[in-house]
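Engineer: Have a look at the structure that comes next, please.
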Amino acid sequence: MASDTPDIEPIEGGGAAETAAVAAAVAAAAVCVSCGTRIVGAWCAGCGQKNDDMRRSSFVLFKDFLKDTFSFDGRMWRTLGLLAAAPGTVSSNYSHGRRSRYTPPVRLFLVVSFLFFLTLGLTKTMFIAFEVTAKTPEEVAAEKAALEKTIEGLDEEARVAVNAARSGVFVREAQPDAAVVIDGEALDCEINVEVVFFVQPEEVRIDTERWARCRDSLMGEIRGEIENADAQDQARAEEARKAVNLIERAFGGVSRAVEDPAAFNASVNNWLPRVMFLMTPVLALILALFLRGRDALIFDHLVFSLYAHAAAFVIIGVAIVAAQASVPSVFTAATIALALYFVIAVKRGYRRGWIKSVWTGLGVSFLYLLALFSIVSSVISNQILTGA
């Protein structure tokens with residue numbers, strides 16, 4: 001029959017008698033199951049191990065894991081409350097050793113980001129969508145007038161090249177490296193394409209008919225140019241065919257993103273949590289460019305970054321929920337709140353003056369958004385190409 005006594009590894013330099021003695025001591029008193037040192041509390045002062053042999057069912061272990069990871073205990077509420085009431089205080093206290101009162105930054109980040117993406121799913125909020133609307137006659141006339149004015153300001157060679165492209169005439173002298181020339185006048189693409197974020201599927205405006213006409217006319221023009229090039233120059237035709245294949249893939253992916261934004265967002269959302277986790281060390285490194293000193297080590301920046309991202313998830317999550325109640329200009333307000341929160345957090349977290357904090361906030365925000373935009377654009381472009 002199995003024993004209730006925890007398993008004890010043999011003591012170095014000892015035999016079975018010594019090991020049995022430690023096992024007996026463990027069973028009789030509060031003694032470390034690893035080294036046999038008498039302990040008070042949950043942790044051993046001799047080896048640092050928690051006084052728990054973990055001998056319980058897999059179901060109980062899994063339940064304990066979920067409880068430890070996602071439970072909102074007193075520390076979690078205290079941490080969230082102080083993050084809201086005094087930005088920067090939690091990260092400063094935690095990185096300087098006062099940690100027992102707060103939820104660790106990695107755990108808070110994981111919990112809050114999980115709830116954020118859960119909120120996206122439950123509210124059916126799409127991270128990104130492409131709106132396609134028809135241009136008004138006034139917009140078309142204004143664009144043509146602006147184009148004519150721009151052409152008039154070009155030099156003679158450039159003006160010839162532009163007019164050749166607009167008329168569909170292939171001019172090798174003006175464009176010796178060109179493989180495909182699109183007749184701009186023949187395209188039926190009088191549409192506006194706008195990228196929108198955090199929207200509901202029913203809010204996205206898509207003129208499917210206009211989009212299909214633009215897509216088909218553009219691809220028809222490209223294929224027509226390929227046929228002309230094929231008859232004139234085999235080498236150029238091969239290059240053009242490769243370009244057309246890439247364009248067709250891209251247009252297929254864009255069409256999928258435009259016509260079925262929910263499915264497109266489902267594929268993008270697989271990457272977003274990983275992207276945001278990657279951005280935490282990126283923000284820490286950017287902060288290191290602006291803030292240095294004994295109270296601004298890489299460790300301090302990483303702790304600050306994790307707590308700042310958690311706060312940002314909360315702010316945007318609240319904005320998403322508020323948008324469900326048709327609160328006007330909620331995302332504009334959320335953007336302003338994020339900017340103010342970051343500046344105040346920098347000031348209080350690193351004990352800097354207002355001028356230094358505002359300058360740091362502007363510089364860090366610019367570089368962070370540039371990095372985030374580049375990474376997210378790469379993810380979206382990859383999803384467009386692979387989803388064609």
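Following the order of the structure tokens, chains are lettered A, B, ..., residues in each are numbered from 1, and ligands are numbered from 1.
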Set the distance at 12 Å and use only C-alpha atoms: which residues neighbour Glu209 (chain A) once local chain neighbours fewer than 3 positions away are removed? I'd like the list as a list in words.
Structural biologist: Val132, Thr133, Ala134, Asp188, Cys189, Glu190, Ile191, Ile206, Ala212, Arg213, Cys214, Arg215, Asp216, Ser255, Val258 and Glu259 of chain A
Engineer: Tell me, which residues of region 194-387 of chain A carry DSSP strand (DSSP E or B), written as a list in words?
Structural biologist: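 Written out, the strand (DSSP E or B) residues of region 194-387 of chain A are Glu194, Val195, Val196, Phe197, Phe198, Val199 and Ile206 of chain A.
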Engineer: Hey, can you spit out that residue selection with N, CA and C atoms as a short mmCIF file (atom, residue, chain, number, x, y, z; two decimals), in the first residue's frame?
Structural biologist:
```cif
data_model
loop_
_atom_site.label_atom_id
_atom_site.label_comp_id
_atom_site.auth_asym_id
_atom_site.auth_seq_id
_atom_site.Cartn_x
_atom_site.Cartn_y
_atom_site.Cartn_z
N GLU A 194 -10.38 53.05 -46.73
CA GLU A 194 -9.96 53.56 -45.43
C GLU A 194 -9.77 52.41 -44.46
N VAL A 195 -8.70 52.48 -43.67
CA VAL A 195 -8.43 51.47 -42.65
C VAL A 195 -9.01 51.96 -41.33
N VAL A 196 -9.83 51.12 -40.69
CA VAL A 196 -10.44 51.47 -39.41
C VAL A 196 -10.09 50.39 -38.39
N PHE A 197 -10.06 50.79 -37.12
CA PHE A 197 -9.66 49.88 -36.04
C PHE A 197 -10.78 49.79 -35.00
N PHE A 198 -10.84 48.61 -34.35
CA PHE A 198 -11.77 48.36 -33.25
C PHE A 198 -13.20 48.73 -33.65
N VAL A 199 -13.71 48.03 -34.63
CA VAL A 199 -15.06 48.28 -35.13
C VAL A 199 -15.87 46.99 -35.10
N ILE A 206 -18.90 48.76 -46.84
CA ILE A 206 -18.22 48.10 -47.96
C ILE A 206 -19.14 48.16 -49.18
#
```
Engineer: Give me the residues within 9 Å of region 282-288 of chain A as a VMD selection string, counting only C-alpha atoms and dropping any in the same chain fewer than 4 places off.
Structural biologist: chain A and resid 278 292 296 to 306 360 363 to 365 367 to 368 371
Engineer: Please list as a list in words every residue within 12 Å of Ala322 (chain A), counting only C-alpha atoms and excluding residues in the same chain fewer than 2 positions away.
Structural biologist: Thr119, Thr123, Thr125, Phe198, Ile315, Ile316, Gly317, Val318, Ala319, Ile320, Gln324, Ala325, Ser326, Val327, Pro328, Ser329, Val330, Phe331, Ala333 and Ala334 of chain A
Engineer: For the selection just defined, write its residues with C-alpha atoms to a file, as a CSV table (one decimal), in the first residue's frame.
Structural biologist:
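Below you can see again_4.csv, which holds the result:
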```csv
chain,number,residue,atom,x,y,z
A,119,THR,CA,-13.4,41.0,-24.6
A,123,THR,CA,-18.0,41.8,-28.2
A,125,THR,CA,-15.0,43.7,-32.1
A,198,PHE,CA,-11.8,48.4,-33.2
A,315,ILE,CA,-8.0,51.5,-20.9
A,316,ILE,CA,-8.6,50.1,-24.4
A,317,GLY,CA,-10.8,47.3,-23.1
A,318,VAL,CA,-13.0,49.8,-21.2
A,319,ALA,CA,-13.2,51.8,-24.4
A,320,ILE,CA,-14.4,48.7,-26.3
A,324,GLN,CA,-21.0,48.8,-27.2
A,325,ALA,CA,-23.1,51.4,-25.4
A,326,SER,CA,-22.7,53.8,-28.2
A,327,VAL,CA,-20.6,56.3,-26.2
A,328,PRO,CA,-19.4,59.0,-28.7
A,329,SER,CA,-15.7,59.6,-29.4
A,330,VAL,CA,-14.8,56.9,-27.0
A,331,PHE,CA,-11.6,55.8,-28.8
A,333,ALA,CA,-10.9,59.8,-25.4
A,334,ALA,CA,-9.0,56.5,-24.8
```
Engineer: Using only C-alpha atoms, pick whichever of A:Phe127, A:Trp354, A:Tyr341, A:Phe114 has the shortest atom-to-atom distance to Ala311 (chain A).
Structural biologist: A:Tyr341
Engineer: Quote the spacing between CA of Glu203 (chain A) and CA of Gln383 (chain A) in Å to one decimal place.
Structural biologist: 22.4 Å
Engineer: Find the spatial neighbours of region 76-83 of chain A, counting only C-alpha atoms, within a cut-off of 12 Å - ignore same-chain residues fewer than 5 positions away - and output them as a PyMOL selection string.
Structural biologist: chain A and resi 68-71+88-94+99-105+107-109+111-112+304+306-315+341-342+344-345+348-349
Engineer: Please indicate the distance in Å from CA of Ala337 (chain A) to CA of Asn270 (chain A), rounded to one decimal place.
Structural biologist: 27.2 Å
Engineer: Excluding same-chain residues fewer than 5 positions from Trp271 (chain A), what lies within 10 Å of it counting only C-alpha atoms, as number ranges by chain?
Structural biologist: A: 266, 276, 376, 379-380, 383
Engineer: When distances are computed from only C-alpha atoms, which of A:Lys356, A:Phe277, A:Tyr350, A:Glu221 shows the smallest separation from His96 (chain A)?
Structural biologist: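 Smallest distance to His96 (chain A) is found for A:Tyr350.
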Engineer: Taking the DSSP secondary structure from the backbone, can you list the residues of region 48-155 of chain A that are helix (DSSP H, G or I), as an MDAnalysis selection string?
Structural biologist: chainID A and resid 58:70 74:85 89:95 105:122 137:152
